[in-house]
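Visitor: Got a structure here, written out as structure tokens. Questions coming.
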Amino acid sequence: MTIFTSKYPSIPTPHTGIIQTLFETKVQNENPDRVCYIDVLTGRELTFRQLKDMVYRFAAGLQDVCGFKKGDVLALYAPNLVDYAVPVFGTLAAGGVVSPANPAYTKEELVHQLEETKAKVLIAHASNIDTAFAAADSVGLSRSNIFVFGDHSVHGVQPYVNVLLGNRYVQLIDFESPEQVRETLAFLCFSSGTTGKSKGVMTTHGNMVSNIWQYSSVEKYIYESKDARTLAVLPFFHIYGLTVVLHTPFYLQRPVYILPRFDLDDFCKAIQKHKITFCCLVPPILLLLAKSPAIDKYDLSSLKTIVSGAAPLDASLAAEVQKRHHMLVKQAYGLTETTPVVCIQPNHDIVPGSSGILVPDQLAKIVDENGKALGIGERGELWLKGPNIMKGYLNRPQETADCLDDEGYFHTGDVAIVDANGHIFIVDRIKELIKYKGFQVAPAELEGILLKHPSVADCAVIGVYDHSQVTEIPRAYIVTKPGVEQNEKTVEELKTFVAEKVITYKRIQSLVFRDQIPKSATGKILRNILRKEVKEEEEAAAKRSSKL
């Protein structure tokens, strides 16, 4: 049986929780006046001393004002903000669990998360307070336990800074053993929900501390310079932004410049003004960095390294960004269930198309459909084991059992190949593979080819059932560049472009033009939306046929 292991030395076993790791070591307290978080748009800053003061008072306020107890859940429903870390770390300091929600959630989506987590406190934002009210009312969450960010009340809801930041400091709850650290919940991030309703992922203190150490042990040299600066555009409600941008630079004592949401001009201005050196991004932003003429107005020369994650990055797109901007672009891989970092390309060993090599203490198997472990160069499902693997899915024991086996391996559902040097290549999702007459077709492969065509701005590929052939066929959804005519000539040109590069059964057989490709906040293609459209098309066609 082949088990792939990391090339890096092991990390320690966490003996304390997240707050003790971030705030209570001698090293962390040596420079209390260092700046931790900066709001790019307003210039507001928080130092370590200020943040620690707010976090410990916030935790005590939760206990005193809201009757918050160990294990209670606080839902965080807000965009990226300079003080986003206050309720995050404050909840953990109070012994609670943080459940960050997408600030653009509808009432129904937020209701689902509040119901699943049984959240006791909700902190929202002025931009979504009405939705917060409606969702809270639906689940019976008292409005007295709803607060907002900022300095002013909104529709009668008080800012948390006015109510929860009292004079008392919290008494931290000590962890009695590594096992307790490993088992105690810290976060309930919700999976993207590309199929069915989203699931709450139970991330423990041990998971988060381990992944901070796993990731930083690989990327530490990026932060070694005192001039190292990170720009936060990834949403903090997502585990990628939460771990890699909110937690890790803070642990490594380097400042994070925060944007509430991605805007290309604000993004470029921030890099130019603040001399940003490092960014974690997603492929849609890299597409802009490669293609947008607006970027030529800015000096991005301080930006030395970009890590792309959350969705597959085509090697040619990475090369295009590197060539245009003379910066290093590399890929990482992870999931909400893995806290998230599993592997990353080291700066000195970048292989185009690879997601990198395993972080410390990460074990991996490549397994075929019969459960047989495969070897180097063989293609199969990626299984993972390590201290960063989630405890399970909230309220879903069967779904947990379906993906976490008795040996502790998490079955990712991703198809991967490991080469002789330990580089991991994520080929596709098992559930997204198109089965054409018994052959398997990977959508990501066809998308990578289409993106190389000069007429294509963005694309997605799914399988649709063709009754005439009695099989699934590959269908491409295309966003064209300005000035490109969306006609049959362009359709045939794109089909031919792909056909010249793939075997017969992988050819695009159906093509649809769209204004945009539906994606999650972190850039994942929402294929379920495209499949829903196909189903609606089929139902409409059936109705028309029945009337004939």
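Residues are named by chain letter and number: chains run A, B, ... in the order of the structure tokens, numbers start at 1 in each chain, and ligands are numbered from 1 in the order shown.
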Please give the complete set of residues from stretch 336-429 of chain A that DSSP, run on the backbone, assigns to strand (DSSP E or B), formatted as a ChimeraX atom specification.

Guide: /A:341-344,357-358,363-367,373,380-385,392-393,404,410-418,424-429

Visitor: What would the file look like if the residues just selected were written as a PDB file, in the first residue's frame with C-alpha atoms?

Guide:
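Below is the file that was written, out.pdb:
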ATOM      1  CA  VAL A 341      -4.056  23.793   3.401  1.00  0.00           C
ATOM      2  CA  VAL A 342      -3.060  20.315   2.218  1.00  0.00           C
ATOM      3  CA  CYS A 343      -0.270  21.062  -0.241  1.00  0.00           C
ATOM      4  CA  ILE A 344       1.447  24.085  -1.728  1.00  0.00           C
ATOM      5  CA  ILE A 357       3.782  19.040  -2.173  1.00  0.00           C
ATOM      6  CA  LEU A 358       2.216  17.934   1.089  1.00  0.00           C
ATOM      7  CA  LEU A 363      -0.547  11.772   4.729  1.00  0.00           C
ATOM      8  CA  ALA A 364      -2.152  10.976   1.388  1.00  0.00           C
ATOM      9  CA  LYS A 365      -3.353   7.994  -0.601  1.00  0.00           C
ATOM     10  CA  ILE A 366      -4.492   7.755  -4.203  1.00  0.00           C
ATOM     11  CA  VAL A 367      -7.302   5.200  -4.303  1.00  0.00           C
ATOM     12  CA  ALA A 373      -4.343   2.256  -2.997  1.00  0.00           C
ATOM     13  CA  GLY A 380      -7.515   8.014  -8.391  1.00  0.00           C
ATOM     14  CA  GLU A 381      -9.383   9.668  -5.526  1.00  0.00           C
ATOM     15  CA  LEU A 382      -7.258  11.611  -3.041  1.00  0.00           C
ATOM     16  CA  TRP A 383      -7.579  10.495   0.604  1.00  0.00           C
ATOM     17  CA  LEU A 384      -5.981  12.587   3.352  1.00  0.00           C
ATOM     18  CA  LYS A 385      -5.027  12.124   6.993  1.00  0.00           C
ATOM     19  CA  GLY A 392     -16.848  15.839  10.977  1.00  0.00           C
ATOM     20  CA  TYR A 393     -19.989  17.462   9.598  1.00  0.00           C
ATOM     21  CA  LEU A 404     -14.084   9.815   7.114  1.00  0.00           C
ATOM     22  CA  PHE A 410     -10.815  11.925   4.632  1.00  0.00           C
ATOM     23  CA  HIS A 411     -12.098  10.957   1.191  1.00  0.00           C
ATOM     24  CA  THR A 412     -11.900  14.237  -0.721  1.00  0.00           C
ATOM     25  CA  GLY A 413     -13.889  13.375  -3.835  1.00  0.00           C
ATOM     26  CA  ASP A 414     -11.052  14.931  -5.839  1.00  0.00           C
ATOM     27  CA  VAL A 415      -9.221  12.994  -8.524  1.00  0.00           C
ATOM     28  CA  ALA A 416      -5.439  13.374  -8.247  1.00  0.00           C
ATOM     29  CA  ILE A 417      -2.067  12.100  -9.449  1.00  0.00           C
ATOM     30  CA  VAL A 418       1.186  12.170  -7.442  1.00  0.00           C
ATOM     31  CA  ILE A 424       0.215  16.534  -6.426  1.00  0.00           C
ATOM     32  CA  PHE A 425      -1.893  17.237  -9.496  1.00  0.00           C
ATOM     33  CA  ILE A 426      -5.622  17.708  -8.907  1.00  0.00           C
ATOM     34  CA  VAL A 427      -7.298  16.495 -12.053  1.00  0.00           C
ATOM     35  CA  ASP A 428     -10.990  16.919 -11.257  1.00  0.00           C
ATOM     36  CA  ARG A 429     -13.871  16.183  -8.943  1.00  0.00           C
TER      37      ARG A 429
END

Visitor: As a short mmCIF file (atom, residue, chain, number, x, y, z; two decimals) with C-alpha atoms, in the first residue's frame, please: every residue in stretch 275-364 of chain A that DSSP puts in helix (DSSP H, G or I).

Guide:
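And here's result_16.cif as it stands now:
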data_model
loop_
_atom_site.label_atom_id
_atom_site.label_comp_id
_atom_site.auth_asym_id
_atom_site.auth_seq_id
_atom_site.Cartn_x
_atom_site.Cartn_y
_atom_site.Cartn_z
CA PRO A 283 -8.26 32.21 -10.33
CA PRO A 284 -10.91 34.80 -11.36
CA ILE A 285 -8.69 37.57 -9.94
CA LEU A 286 -5.65 36.11 -11.69
CA LEU A 287 -7.65 36.20 -14.92
CA LEU A 288 -8.00 39.97 -14.44
CA LEU A 289 -4.32 40.32 -13.65
CA ALA A 290 -3.55 38.53 -16.90
CA LYS A 291 -6.07 40.23 -19.18
CA PRO A 293 -5.78 46.71 -19.49
CA ALA A 294 -6.81 48.75 -16.41
CA ILE A 295 -3.93 47.25 -14.45
CA ASP A 296 -1.35 49.05 -16.57
CA LYS A 297 -2.17 52.27 -14.66
CA ALA A 315 -0.79 26.57 -15.76
CA SER A 316 -0.97 28.82 -18.81
CA LEU A 317 -2.90 31.46 -16.85
CA ALA A 318 -0.28 31.39 -14.09
CA ALA A 319 2.45 31.78 -16.70
CA GLU A 320 0.63 34.71 -18.31
CA VAL A 321 0.39 36.57 -15.00
CA GLN A 322 4.05 35.88 -14.21
CA LYS A 323 5.17 37.12 -17.62
CA ARG A 324 3.07 40.28 -17.48
CA HIS A 325 3.91 41.30 -13.90
CA THR A 336 -12.92 23.44 4.19
CA GLU A 337 -12.66 19.96 5.69
CA THR A 338 -8.85 20.21 5.82
#

Visitor: Tell me, as a PyMOL selection string, which residues lie within 9 Å of A:Ile478, counting only C-alpha atoms; anything in the same chain fewer than 3 positions away does not count.

Guide: chain A and resi 450+456-461+511-517

Visitor: Please save C-alpha atoms of the selected residues as a short mmCIF file (atom, residue, chain, number, x, y, z; two decimals), in the first residue's frame.

Guide:
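The result, stored in again-v3.cif:
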data_model
loop_
_atom_site.label_atom_id
_atom_site.label_comp_id
_atom_site.auth_asym_id
_atom_site.auth_seq_id
_atom_site.Cartn_x
_atom_site.Cartn_y
_atom_site.Cartn_z
CA LEU A 450 -10.78 27.01 -23.88
CA VAL A 456 -12.62 33.47 -24.44
CA ALA A 457 -12.78 35.59 -21.28
CA ASP A 458 -14.14 32.84 -19.02
CA CYS A 459 -15.77 29.43 -19.34
CA ALA A 460 -17.22 26.37 -17.64
CA VAL A 461 -17.86 22.83 -18.86
CA LEU A 511 -21.79 25.35 -26.63
CA VAL A 512 -23.76 28.14 -24.94
CA PHE A 513 -22.82 31.80 -24.60
CA ARG A 514 -23.31 33.50 -21.22
CA ASP A 515 -22.67 36.96 -19.75
CA GLN A 516 -20.86 35.41 -16.79
CA ILE A 517 -20.00 32.06 -15.24
#

Visitor: So that I can see what lies close to stretch 209-220 of chain A, please list as a PyMOL selection string the residues with an atom at most 9 Å from it, counting only C-alpha atoms and leaving out residues fewer than 3 positions away in the same chain.

Guide: chain A and resi 8-14+16-18+21+204-206+223-224+243-244+247-249+251-252+338-347+359-362+387-388

Visitor: Write out as an mmCIF file with C-alpha atoms, in the first residue's frame the residues lying within 12 Å of A:Leu394, counting only C-alpha atoms and excluding same-chain residues fewer than 5 positions away.

Guide:
data_model
loop_
_atom_site.group_PDB
_atom_site.id
_atom_site.type_symbol
_atom_site.label_atom_id
_atom_site.label_comp_id
_atom_site.auth_asym_id
_atom_site.auth_seq_id
_atom_site.Cartn_x
_atom_site.Cartn_y
_atom_site.Cartn_z
ATOM 1 C CA SER A 99 -19.704 30.301 12.608
ATOM 2 C CA GLN A 113 -26.867 28.236 9.020
ATOM 3 C CA GLU A 115 -30.713 26.598 12.508
ATOM 4 C CA GLU A 116 -27.868 24.150 11.978
ATOM 5 C CA THR A 117 -25.552 25.840 14.476
ATOM 6 C CA LYS A 118 -28.192 26.968 17.000
ATOM 7 C CA LEU A 185 -14.709 22.934 18.406
ATOM 8 C CA PHE A 187 -15.203 27.024 13.946
ATOM 9 C CA LEU A 188 -18.260 25.992 11.991
ATOM 10 C CA CYS A 189 -17.549 27.135 8.452
ATOM 11 C CA PHE A 190 -20.079 25.981 5.900
ATOM 12 C CA SER A 191 -19.056 24.119 2.773
ATOM 13 C CA SER A 198 -24.365 23.538 2.691
ATOM 14 C CA LYS A 199 -22.886 21.539 5.565
ATOM 15 C CA GLY A 200 -21.298 22.827 8.735
ATOM 16 C CA VAL A 201 -17.677 21.664 8.981
ATOM 17 C CA MET A 202 -16.523 21.059 12.558
ATOM 18 C CA THR A 203 -13.041 22.569 12.828
ATOM 19 C CA GLU A 337 -12.662 19.960 5.694
ATOM 20 C CA GLU A 399 -22.299 12.021 5.781
ATOM 21 C CA THR A 400 -19.343 12.149 8.170
ATOM 22 C CA ALA A 401 -19.064 8.359 8.125
#

Visitor: Find, counting only C-alpha atoms, the residue in A:Cys36, A:Ala444, A:Ala124, A:Val233 that gets nearest to A:Ile146.

Guide: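 Among A:Cys36, A:Ala444, A:Ala124, A:Val233, it is A:Ala124 that comes nearest to A:Ile146.
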
Visitor: What gap, in Å, lies between atom CA of A:Ser308 and atom CA of A:His326?

Guide: 16.0 Å
